[in-house]
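Next comes query_21.txt, with compact mmCIF, C-alpha atoms.
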```
# COMPACT_ATOMS: atom_id res chain seq x y z
CA MET A 2 20.35 -10.92 -20.64
CA PHE A 3 22.02 -10.52 -17.26
CA LYS A 4 20.02 -12.04 -14.42
CA PHE A 5 20.44 -11.96 -10.68
CA ASP A 6 18.79 -13.83 -7.84
CA ARG A 7 16.62 -11.77 -5.51
CA LEU A 8 15.76 -12.62 -1.97
CA GLN A 9 12.21 -13.88 -1.62
CA PRO A 10 9.55 -13.35 1.04
CA PRO A 11 9.91 -15.87 3.88
CA VAL A 12 7.72 -18.95 4.16
CA PHE A 13 6.46 -19.92 7.62
CA GLU A 14 5.58 -23.29 9.12
CA GLN A 15 3.64 -21.86 12.07
CA VAL A 16 0.73 -19.45 11.63
CA GLU A 17 1.75 -17.60 14.81
CA GLU A 18 5.14 -16.80 13.29
CA GLU A 19 3.55 -15.58 10.08
CA ARG A 20 1.07 -13.41 11.99
CA LEU A 21 3.86 -11.78 14.01
CA HIS A 22 5.90 -11.22 10.86
CA ARG A 23 2.99 -9.50 9.10
CA LYS A 24 2.28 -7.32 12.14
CA GLN A 25 5.94 -6.31 12.44
CA ARG A 26 6.06 -5.31 8.79
CA LEU A 27 2.78 -3.43 9.19
CA ALA A 28 4.07 -1.44 12.17
CA ALA A 29 7.28 -0.69 10.26
CA ALA A 30 5.27 0.52 7.25
CA PHE A 31 3.39 2.97 9.47
CA ARG A 32 6.64 4.29 10.95
CA LEU A 33 8.02 4.80 7.45
CA PHE A 34 4.83 6.54 6.30
CA GLY A 35 5.31 8.87 9.25
CA ARG A 36 8.91 9.50 8.20
CA PHE A 37 7.84 10.27 4.64
CA GLY A 38 5.23 12.74 5.87
CA PHE A 39 2.23 10.73 4.67
CA SER A 40 0.18 11.26 7.84
CA GLU A 41 -2.52 13.92 8.06
CA GLY A 42 -4.49 13.99 11.29
CA ILE A 43 -6.47 10.79 11.67
CA ALA A 44 -6.55 10.00 7.92
CA GLY A 45 -4.81 7.02 6.37
CA HIS A 46 -4.64 3.29 6.92
CA ILE A 47 -2.67 0.20 5.96
CA THR A 48 -4.15 -3.26 6.44
CA VAL A 49 -2.84 -6.81 6.32
CA ARG A 50 -4.91 -9.97 6.12
CA ASP A 51 -4.58 -12.35 9.07
CA PRO A 52 -2.94 -15.61 7.94
CA GLU A 53 -5.33 -17.79 9.97
CA PHE A 54 -8.62 -15.86 9.95
CA THR A 55 -8.37 -14.75 6.36
CA ASP A 56 -11.57 -12.67 6.43
CA HIS A 57 -10.02 -10.57 9.24
CA PHE A 58 -7.39 -7.87 8.85
CA TRP A 59 -4.97 -5.96 11.09
CA VAL A 60 -5.09 -2.16 10.98
CA ASN A 61 -3.89 0.92 12.85
CA PRO A 62 -6.03 2.34 15.68
CA LEU A 63 -7.93 5.54 15.00
CA GLY A 64 -6.07 8.64 16.11
CA LYS A 65 -2.62 7.04 16.56
CA TYR A 66 0.16 8.94 14.78
CA PHE A 67 1.82 6.76 12.15
CA GLY A 68 5.24 7.45 13.62
CA HIS A 69 4.24 6.06 17.02
CA VAL A 70 2.57 2.80 15.94
CA CYS A 71 3.91 -0.37 17.57
CA VAL A 72 3.02 -4.01 16.94
CA SER A 73 1.02 -4.07 20.18
CA ASP A 74 -1.17 -1.17 18.97
CA LEU A 75 -2.56 -2.99 15.94
CA LEU A 76 -6.24 -3.95 15.81
CA LEU A 77 -7.78 -7.12 14.40
CA VAL A 78 -11.07 -6.40 12.60
CA ASN A 79 -13.54 -8.96 11.28
CA LYS A 80 -15.64 -8.79 8.12
CA GLU A 81 -18.49 -7.08 10.01
CA GLY A 82 -16.21 -4.25 11.10
CA GLU A 83 -16.01 -5.43 14.70
CA VAL A 84 -12.71 -5.10 16.56
CA VAL A 85 -11.99 -8.59 17.94
CA LYS A 86 -8.58 -7.74 19.34
CA GLY A 87 -7.25 -4.41 20.57
CA ASP A 88 -8.69 -0.94 21.21
CA PRO A 89 -12.30 -0.61 19.93
CA LEU A 90 -11.60 2.61 18.00
CA VAL A 91 -11.21 1.79 14.31
CA ASN A 92 -11.28 4.12 11.33
CA GLN A 93 -14.63 3.52 9.61
CA ALA A 94 -13.22 4.59 6.25
CA ALA A 95 -10.50 1.97 6.69
CA PHE A 96 -13.15 -0.71 7.14
CA ALA A 97 -15.39 0.56 4.33
CA ILE A 98 -12.55 0.54 1.80
CA HIS A 99 -10.22 -2.23 2.91
CA SER A 100 -12.87 -4.82 3.79
CA GLN A 101 -14.19 -4.66 0.23
CA ILE A 102 -10.74 -4.77 -1.34
CA HIS A 103 -9.72 -7.79 0.73
CA GLN A 104 -13.00 -9.48 -0.14
CA ALA A 105 -12.77 -8.73 -3.87
CA ARG A 106 -9.08 -9.61 -4.07
CA PRO A 107 -8.45 -12.80 -2.05
CA ASP A 108 -5.05 -12.96 -3.73
CA ILE A 109 -3.73 -9.81 -2.04
CA ILE A 110 -2.50 -9.66 1.54
CA ALA A 111 -2.18 -5.92 2.19
CA ALA A 112 -3.54 -2.53 1.10
CA ALA A 113 -2.27 0.98 1.81
CA HIS A 114 -3.95 4.39 1.60
CA ALA A 115 -2.96 7.76 3.04
CA HIS A 116 -3.51 11.44 2.30
CA SER A 117 0.00 12.21 1.06
CA ILE A 118 0.42 15.55 -0.66
CA TYR A 119 1.53 14.56 -4.17
CA GLY A 120 -0.95 11.72 -4.48
CA LYS A 121 -3.73 14.14 -3.51
CA ALA A 122 -2.50 16.77 -5.93
CA TRP A 123 -2.23 14.34 -8.84
CA SER A 124 -5.63 12.79 -8.06
CA SER A 125 -7.31 16.15 -8.62
CA LEU A 126 -6.33 15.98 -12.31
CA GLY A 127 -8.41 12.85 -12.88
CA ARG A 128 -5.69 11.18 -14.98
CA LEU A 129 -3.56 8.07 -14.97
CA LEU A 130 0.18 8.56 -14.67
CA ASP A 131 2.29 8.57 -17.83
CA PRO A 132 5.40 6.38 -18.12
CA LEU A 133 7.90 9.20 -17.66
CA THR A 134 10.55 7.36 -15.65
CA GLN A 135 11.78 3.86 -14.95
CA ASP A 136 10.07 3.99 -11.55
CA SER A 137 6.71 5.10 -12.90
CA CYS A 138 6.81 2.21 -15.41
CA ALA A 139 6.16 -0.09 -12.46
CA PHE A 140 2.58 1.18 -12.71
CA TYR A 141 2.29 1.15 -16.51
CA GLU A 142 -0.98 -0.56 -17.48
CA ASP A 143 -1.12 -1.59 -13.81
CA HIS A 144 -3.06 1.21 -12.10
CA ALA A 145 -6.65 2.37 -12.36
CA LEU A 146 -8.71 5.52 -11.87
CA PHE A 147 -11.80 5.88 -9.69
CA HIS A 148 -13.79 8.97 -10.63
CA ASP A 149 -16.34 9.28 -7.85
CA CYS A 150 -14.34 9.52 -4.61
CA THR A 151 -14.91 13.08 -3.38
CA ASP A 152 -16.09 12.57 0.21
CA VAL A 153 -15.15 10.48 3.26
CA VAL A 154 -15.74 6.83 2.36
CA LEU A 155 -17.91 5.44 5.16
CA ASP A 156 -20.16 3.15 3.14
CA THR A 157 -19.06 -0.33 2.09
CA CYS A 158 -20.99 0.17 -1.16
CA GLU A 159 -18.49 2.82 -2.21
CA GLY A 160 -15.67 0.61 -0.98
CA LYS A 161 -17.01 -2.12 -3.25
CA GLU A 162 -17.00 0.30 -6.20
CA ILE A 163 -13.37 1.18 -5.47
CA ALA A 164 -12.48 -2.52 -5.34
CA GLU A 165 -14.22 -3.09 -8.68
CA ALA A 166 -12.37 -0.17 -10.26
CA LEU A 167 -9.06 -1.45 -8.88
CA SER A 168 -9.70 -4.79 -10.59
CA GLN A 169 -6.43 -6.77 -10.89
CA ASN A 170 -4.17 -3.70 -10.76
CA LYS A 171 -1.64 -2.95 -8.03
CA ALA A 172 -2.76 0.67 -7.54
CA ILE A 173 -5.63 3.07 -8.01
CA ILE A 174 -5.94 6.85 -8.14
CA LEU A 175 -9.01 8.07 -6.26
CA ARG A 176 -10.00 11.31 -7.97
CA ASN A 177 -9.89 14.34 -5.66
CA HIS A 178 -8.88 12.03 -2.80
CA GLY A 179 -5.51 10.35 -3.18
CA ILE A 180 -3.89 7.03 -4.02
CA LEU A 181 -4.15 3.42 -2.85
CA THR A 182 -1.93 0.40 -3.44
CA VAL A 183 -2.13 -3.34 -2.79
CA GLY A 184 0.34 -6.20 -2.59
CA TYR A 185 0.95 -9.86 -1.84
CA THR A 186 2.91 -8.72 1.23
CA VAL A 187 2.80 -5.66 3.49
CA ASP A 188 6.26 -4.86 2.18
CA GLU A 189 5.08 -4.75 -1.42
CA ALA A 190 1.94 -2.71 -0.77
CA ALA A 191 3.91 -0.16 1.28
CA TRP A 192 6.68 0.11 -1.31
CA TRP A 193 4.24 0.59 -4.18
CA TYR A 194 2.59 3.39 -2.20
CA ILE A 195 5.91 5.14 -1.59
CA SER A 196 6.92 4.72 -5.22
CA LEU A 197 3.54 5.84 -6.58
CA GLU A 198 3.60 8.95 -4.41
CA GLN A 199 7.07 9.81 -5.72
CA SER A 200 5.97 9.12 -9.29
CA CYS A 201 3.09 11.57 -8.82
CA GLN A 202 5.59 14.11 -7.53
CA ALA A 203 7.93 13.54 -10.49
CA GLN A 204 5.20 14.03 -13.08
CA LEU A 205 3.83 17.12 -11.36
CA LEU A 206 7.32 18.64 -11.35
CA ALA A 207 8.02 17.64 -14.95
CA GLU A 208 4.76 19.09 -16.26
CA ALA A 209 5.26 22.27 -14.24
CA ALA A 210 8.68 22.71 -15.87
CA GLY A 211 7.72 21.91 -19.45
CA ARG A 212 6.56 19.13 -21.75
CA PRO A 213 8.02 15.83 -20.52
CA SER A 214 8.97 13.06 -22.95
CA VAL A 215 6.90 9.88 -22.53
CA ILE A 216 8.56 6.45 -22.68
CA LYS A 217 7.40 4.43 -25.68
CA HIS A 218 4.76 1.74 -25.17
CA GLU A 219 7.02 -1.24 -25.89
CA THR A 220 9.80 0.06 -23.65
CA ALA A 221 7.36 0.92 -20.85
CA ARG A 222 5.92 -2.59 -20.97
CA LEU A 223 9.39 -4.15 -20.85
CA THR A 224 10.41 -1.91 -17.97
CA HIS A 225 7.22 -2.82 -16.11
CA SER A 226 8.17 -6.47 -16.36
CA GLN A 227 11.57 -5.63 -14.88
CA VAL A 228 10.61 -3.30 -12.02
CA GLY A 229 6.90 -3.88 -11.46
CA ALA A 230 6.79 -7.52 -10.33
CA PRO A 231 5.59 -8.36 -6.79
CA SER A 232 9.02 -9.70 -5.88
CA GLY A 233 10.56 -6.38 -6.93
CA GLY A 234 8.16 -4.43 -4.74
CA TRP A 235 8.89 -6.68 -1.77
CA PHE A 236 12.65 -6.53 -2.30
CA SER A 237 12.69 -2.75 -2.64
CA PHE A 238 11.11 -2.41 0.80
CA GLN A 239 13.79 -4.42 2.61
CA PRO A 240 16.41 -1.62 2.99
CA LEU A 241 13.71 0.68 4.39
CA TYR A 242 12.61 -2.00 6.85
CA ASP A 243 16.17 -2.58 8.01
CA ARG A 244 16.67 1.14 8.48
CA ILE A 245 13.51 1.82 10.47
CA VAL A 246 13.97 -1.19 12.77
CA ARG A 247 17.56 -0.17 13.50
CA GLU A 248 16.61 3.43 14.21
CA GLU A 249 13.28 2.77 15.97
CA PRO A 250 13.38 -0.75 17.46
CA ASP A 251 10.49 0.05 19.81
CA LEU A 252 8.10 -0.43 16.88
CA LEU A 253 8.46 -4.19 17.45
CA GLU A 254 7.04 -3.97 20.96
```

Would you encode the structure as structure tokens?
Amino acid sequence: MFKFDRLQPPVFEQVEEERLHRKQRLAAAFRLFGRFGFSEGIAGHITVRDPEFTDHFWVNPLGKYFGHVCVSDLLLVNKEGEVVKGDPLVNQAAFAIHSQIHQARPDIIAAAHAHSIYGKAWSSLGRLLDPLTQDSCAFYEDHALFHDCTDVVLDTCEGKEIAEALSQNKAIILRNHGILTVGYTVDEAAWWYISLEQSCQAQLLAEAAGRPSVIKHETARLTHSQVGAPSGGWFSFQPLYDRIVREEPDLLE
């Protein structure tokens, strides 16, 4: 089988360098979510675990448009939901959901959730995605369904239930609410969100047009191993990062 060497996420010697890197990728992810039209009012949040204070995470301030987020805007929130650095306004749903996911999954670094249109539409069906395309196979046997998310999540108890339903998967469909993804880097979590949203769109279009053909189990599993690895998610984000930084360098401020 043909193999090729992928670039790998950087490794840092200084925690300050790693913190800045994570914050830069987080700000870039927000700008890209804005470009993709994933913002809706004050809804939506992406978080990244701090490399030094690992029970703290960085998040966007409440009410800041995704497309305007800069590194300097990001908030550092502790496990009690207190803002220890930055503007005191934090999205309570972001804390309720993300704090529990970061606590339940110490292996993951970042989590992403927004109210994007196709993720919302697909979530109303209360179904997992089928392996219809190569891209959707990245989520084959690697995404979950949470049935009880119909209101604004402000209670950490519900956030804990979402984290339990997510289990060891990279993504979860929140019924009648939307989608959420996680990753070992901000890059990976953001890419899986973008790809999952587009996979929801593809299946909605396919089912509206007719009866789509589903990829066989063995092939879907093989394809998942090829396109669904963490390194693949990270690598797929790099062209988008390069683009947004070139076009909107102020995000690094």

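Proximity to A:Leu33 was assessed for A:His148, A:Arg20, A:His57, A:His69 counting only C-alpha atoms; the smallest distance is recorded for A:His69.
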
Can I get the residues of stretch 37-67 of chain A within 12 Å of stretch 188-196 of chain A, each with the closest pair of atoms and their distance in Å to one decimal, using all atoms listed in the file, sorted chain first then ascending number, as CSV?
```
residue,atom,partner,partner_atom,distance
A:Phe37,CA,A:Ile195,CA,8.3
A:Gly38,CA,A:Ile195,CA,10.7
A:Phe39,CA,A:Ile195,CA,9.2
A:Gly45,CA,A:Tyr194,CA,11.9
A:His46,CA,A:Ala191,CA,10.8
A:Ile47,CA,A:Ala191,CA,8.1
A:Thr48,CA,A:Ala190,CA,9.5
A:Val49,CA,A:Ala190,CA,9.5
```

- Task: State, in Å with one decimal place, the distance from atom CA of A:Gln101 to atom CA of A:Gly120.
- Result: 21.6 Å

- Contact residues around A:Gly127 with all atoms listed in the file at 10 Å, ignoring same-chain residues under 4 positions, as a PyMOL selection string: chain A and resi 122-123+146-148+174-177

- Coordinates-based distance that separates atom CA of A:Leu90 from atom CA of A:Pro250 (Å, one decimal):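 Value for the atom CA of A:Pro250-atom CA of A:Leu90 distance: 25.2 Å.
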
- Query: In terms of the shortest atom-to-atom distance over all atoms listed in the file, which of A:Leu129, A:Ala115, A:Ala164, A:Val91 is closest to A:Lys65?
  - Reply: A:Val91

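Of note, atom CA of A:Ile110 and atom CA of A:Ala97 are spaced 16.7 Å apart.
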
- Item | Exercise: A:Tyr242 partners within 9 Å, all atoms listed in the file, chain neighbours under 4 positions left out, as a VMD selection string | chain A and resid 26 29 to 30 33 188 238 246 to 247

- For A:Arg23, please output as a list of chain:residue names all residues within 8 Å (counting all atoms listed in the file; exclusion window: fewer than 4 positions along the same chain). A:Glu19, A:Leu27, A:Val49, A:Thr186, A:Val187

- Which residues come within 6 Å of A:Phe58, counting all atoms listed in the file, excluding same-chain residues fewer than 2 positions away, as a VMD selection string? chain A and resid 49 to 51 77 to 78

What are the closest atom pairs, with distances in Å to one decimal, for all residues of stretch 127-177 of chain A lying within 9 Å of stretch 220-233 of chain A? Consider all atoms listed in the file, order rows by chain and residue number, and present the result as a tab-separated table.
```
residue	atom	partner	partner_atom	distance
A:Pro132	CA	A:Ala221	CA	6.4
A:Leu133	CA	A:Ala221	CA	8.9
A:Thr134	CA	A:Ala221	CA	8.9
A:Gln135	CA	A:Thr224	CA	6.7
A:Asp136	CA	A:Val228	CA	7.3
A:Ser137	CA	A:His225	CA	8.6
A:Cys138	CA	A:His225	CA	5.1
A:Ala139	CA	A:Gly229	CA	4.0
A:Phe140	CA	A:Gly229	CA	6.8
A:Tyr141	CA	A:His225	CA	6.3
A:Glu142	CA	A:Arg222	CA	8.0
A:Asp143	CA	A:Gly229	CA	8.7
```

Quick one: residues within 12 Å of A:Gln93, all atoms listed in the file counted, chain neighbours fewer than 3 positions away excluded, as a PDB file with C-alpha atoms, in the frame of the given file?
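This went into result_27.pdb:
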```pdb
ATOM      1  CA  ILE A  43      -6.470  10.790  11.670  1.00  0.00           C
ATOM      2  CA  ALA A  44      -6.550  10.000   7.920  1.00  0.00           C
ATOM      3  CA  GLY A  45      -4.810   7.020   6.370  1.00  0.00           C
ATOM      4  CA  HIS A  46      -4.640   3.290   6.920  1.00  0.00           C
ATOM      5  CA  VAL A  60      -5.090  -2.160  10.980  1.00  0.00           C
ATOM      6  CA  ASN A  61      -3.890   0.920  12.850  1.00  0.00           C
ATOM      7  CA  PRO A  62      -6.030   2.340  15.680  1.00  0.00           C
ATOM      8  CA  LEU A  63      -7.930   5.540  15.000  1.00  0.00           C
ATOM      9  CA  GLY A  64      -6.070   8.640  16.110  1.00  0.00           C
ATOM     10  CA  VAL A  78     -11.070  -6.400  12.600  1.00  0.00           C
ATOM     11  CA  GLU A  81     -18.490  -7.080  10.010  1.00  0.00           C
ATOM     12  CA  GLY A  82     -16.210  -4.250  11.100  1.00  0.00           C
ATOM     13  CA  GLU A  83     -16.010  -5.430  14.700  1.00  0.00           C
ATOM     14  CA  VAL A  84     -12.710  -5.100  16.560  1.00  0.00           C
ATOM     15  CA  PRO A  89     -12.300  -0.610  19.930  1.00  0.00           C
ATOM     16  CA  LEU A  90     -11.600   2.610  18.000  1.00  0.00           C
ATOM     17  CA  PHE A  96     -13.150  -0.710   7.140  1.00  0.00           C
ATOM     18  CA  ALA A  97     -15.390   0.560   4.330  1.00  0.00           C
ATOM     19  CA  ILE A  98     -12.550   0.540   1.800  1.00  0.00           C
ATOM     20  CA  HIS A  99     -10.220  -2.230   2.910  1.00  0.00           C
ATOM     21  CA  SER A 100     -12.870  -4.820   3.790  1.00  0.00           C
ATOM     22  CA  VAL A 153     -15.150  10.480   3.260  1.00  0.00           C
ATOM     23  CA  VAL A 154     -15.740   6.830   2.360  1.00  0.00           C
ATOM     24  CA  LEU A 155     -17.910   5.440   5.160  1.00  0.00           C
ATOM     25  CA  ASP A 156     -20.160   3.150   3.140  1.00  0.00           C
ATOM     26  CA  THR A 157     -19.060  -0.330   2.090  1.00  0.00           C
ATOM     27  CA  GLY A 160     -15.670   0.610  -0.980  1.00  0.00           C
TER      28      GLY A 160
END
```

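Nearest to A:Asn79 of all the residues A:Ala94, A:Phe67, A:Glu41, A:Gln104 is A:Gln104, counting all atoms listed in the file.
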
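Nearest residue to A:Leu181 among A:Leu8, A:Ala95, A:Val215, A:Cys158 is A:Ala95, counting all atoms listed in the file.
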
Output stretch 210-230 of chain A with N, CA, C and O atoms present, as a PDB file, in the coordinates of the input.
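Result file part07.pdb:
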```pdb
ATOM      1  N   ALA A 210       7.477  22.162 -15.246  1.00  0.00           N
ATOM      2  CA  ALA A 210       8.680  22.710 -15.870  1.00  0.00           C
ATOM      3  C   ALA A 210       8.596  22.784 -17.385  1.00  0.00           C
ATOM      4  O   ALA A 210       9.269  23.601 -18.021  1.00  0.00           O
ATOM      5  N   GLY A 211       7.780  21.913 -17.990  1.00  0.00           N
ATOM      6  CA  GLY A 211       7.720  21.910 -19.450  1.00  0.00           C
ATOM      7  C   GLY A 211       6.873  20.787 -19.989  1.00  0.00           C
ATOM      8  O   GLY A 211       5.856  20.427 -19.387  1.00  0.00           O
ATOM      9  N   ARG A 212       7.293  20.205 -21.105  1.00  0.00           N
ATOM     10  CA  ARG A 212       6.560  19.130 -21.750  1.00  0.00           C
ATOM     11  C   ARG A 212       7.408  17.865 -21.682  1.00  0.00           C
ATOM     12  O   ARG A 212       8.304  17.650 -22.514  1.00  0.00           O
ATOM     13  N   PRO A 213       7.180  17.011 -20.696  1.00  0.00           N
ATOM     14  CA  PRO A 213       8.020  15.830 -20.520  1.00  0.00           C
ATOM     15  C   PRO A 213       7.878  14.822 -21.658  1.00  0.00           C
ATOM     16  O   PRO A 213       6.819  14.706 -22.283  1.00  0.00           O
ATOM     17  N   SER A 214       8.957  14.113 -21.936  1.00  0.00           N
ATOM     18  CA  SER A 214       8.970  13.060 -22.950  1.00  0.00           C
ATOM     19  C   SER A 214       8.441  11.772 -22.329  1.00  0.00           C
ATOM     20  O   SER A 214       8.870  11.369 -21.247  1.00  0.00           O
ATOM     21  N   VAL A 215       7.522  11.117 -23.025  1.00  0.00           N
ATOM     22  CA  VAL A 215       6.900   9.880 -22.530  1.00  0.00           C
ATOM     23  C   VAL A 215       7.644   8.674 -23.094  1.00  0.00           C
ATOM     24  O   VAL A 215       7.974   8.628 -24.284  1.00  0.00           O
ATOM     25  N   ILE A 216       7.899   7.685 -22.249  1.00  0.00           N
ATOM     26  CA  ILE A 216       8.560   6.450 -22.680  1.00  0.00           C
ATOM     27  C   ILE A 216       7.633   5.690 -23.623  1.00  0.00           C
ATOM     28  O   ILE A 216       6.428   5.599 -23.396  1.00  0.00           O
ATOM     29  N   LYS A 217       8.196   5.146 -24.687  1.00  0.00           N
ATOM     30  CA  LYS A 217       7.400   4.430 -25.680  1.00  0.00           C
ATOM     31  C   LYS A 217       6.738   3.197 -25.072  1.00  0.00           C
ATOM     32  O   LYS A 217       7.241   2.597 -24.131  1.00  0.00           O
ATOM     33  N   HIS A 218       5.595   2.831 -25.676  1.00  0.00           N
ATOM     34  CA  HIS A 218       4.760   1.740 -25.170  1.00  0.00           C
ATOM     35  C   HIS A 218       5.557   0.445 -24.969  1.00  0.00           C
ATOM     36  O   HIS A 218       5.506  -0.169 -23.892  1.00  0.00           O
ATOM     37  N   GLU A 219       6.296   0.021 -25.978  1.00  0.00           N
ATOM     38  CA  GLU A 219       7.020  -1.240 -25.890  1.00  0.00           C
ATOM     39  C   GLU A 219       8.067  -1.203 -24.781  1.00  0.00           C
ATOM     40  O   GLU A 219       8.245  -2.171 -24.025  1.00  0.00           O
ATOM     41  N   THR A 220       8.767  -0.080 -24.680  1.00  0.00           N
ATOM     42  CA  THR A 220       9.800   0.060 -23.650  1.00  0.00           C
ATOM     43  C   THR A 220       9.168   0.116 -22.265  1.00  0.00           C
ATOM     44  O   THR A 220       9.685  -0.469 -21.308  1.00  0.00           O
ATOM     45  N   ALA A 221       8.045   0.821 -22.144  1.00  0.00           N
ATOM     46  CA  ALA A 221       7.360   0.920 -20.850  1.00  0.00           C
ATOM     47  C   ALA A 221       6.868  -0.450 -20.395  1.00  0.00           C
ATOM     48  O   ALA A 221       6.975  -0.794 -19.206  1.00  0.00           O
ATOM     49  N   ARG A 222       6.367  -1.241 -21.327  1.00  0.00           N
ATOM     50  CA  ARG A 222       5.920  -2.590 -20.970  1.00  0.00           C
ATOM     51  C   ARG A 222       7.096  -3.468 -20.522  1.00  0.00           C
ATOM     52  O   ARG A 222       6.985  -4.210 -19.542  1.00  0.00           O
ATOM     53  N   LEU A 223       8.210  -3.376 -21.223  1.00  0.00           N
ATOM     54  CA  LEU A 223       9.390  -4.150 -20.850  1.00  0.00           C
ATOM     55  C   LEU A 223       9.889  -3.716 -19.470  1.00  0.00           C
ATOM     56  O   LEU A 223      10.201  -4.561 -18.613  1.00  0.00           O
ATOM     57  N   THR A 224       9.938  -2.416 -19.251  1.00  0.00           N
ATOM     58  CA  THR A 224      10.410  -1.910 -17.970  1.00  0.00           C
ATOM     59  C   THR A 224       9.486  -2.330 -16.838  1.00  0.00           C
ATOM     60  O   THR A 224       9.938  -2.661 -15.735  1.00  0.00           O
ATOM     61  N   HIS A 225       8.163  -2.335 -17.113  1.00  0.00           N
ATOM     62  CA  HIS A 225       7.220  -2.820 -16.110  1.00  0.00           C
ATOM     63  C   HIS A 225       7.530  -4.240 -15.708  1.00  0.00           C
ATOM     64  O   HIS A 225       7.469  -4.596 -14.520  1.00  0.00           O
ATOM     65  N   SER A 226       7.856  -5.073 -16.664  1.00  0.00           N
ATOM     66  CA  SER A 226       8.170  -6.470 -16.360  1.00  0.00           C
ATOM     67  C   SER A 226       9.441  -6.597 -15.527  1.00  0.00           C
ATOM     68  O   SER A 226       9.620  -7.571 -14.790  1.00  0.00           O
ATOM     69  N   GLN A 227      10.303  -5.598 -15.616  1.00  0.00           N
ATOM     70  CA  GLN A 227      11.570  -5.630 -14.880  1.00  0.00           C
ATOM     71  C   GLN A 227      11.459  -5.046 -13.482  1.00  0.00           C
ATOM     72  O   GLN A 227      12.116  -5.529 -12.560  1.00  0.00           O
ATOM     73  N   VAL A 228      10.655  -3.997 -13.316  1.00  0.00           N
ATOM     74  CA  VAL A 228      10.610  -3.300 -12.020  1.00  0.00           C
ATOM     75  C   VAL A 228       9.251  -3.383 -11.331  1.00  0.00           C
ATOM     76  O   VAL A 228       9.131  -2.958 -10.179  1.00  0.00           O
ATOM     77  N   GLY A 229       8.247  -3.909 -12.009  1.00  0.00           N
ATOM     78  CA  GLY A 229       6.900  -3.880 -11.460  1.00  0.00           C
ATOM     79  C   GLY A 229       6.381  -5.195 -10.916  1.00  0.00           C
ATOM     80  O   GLY A 229       5.206  -5.285 -10.544  1.00  0.00           O
ATOM     81  N   ALA A 230       7.234  -6.221 -10.825  1.00  0.00           N
ATOM     82  CA  ALA A 230       6.790  -7.520 -10.330  1.00  0.00           C
ATOM     83  C   ALA A 230       6.634  -7.483  -8.805  1.00  0.00           C
ATOM     84  O   ALA A 230       7.296  -6.703  -8.119  1.00  0.00           O
TER      85      ALA A 230
END
```
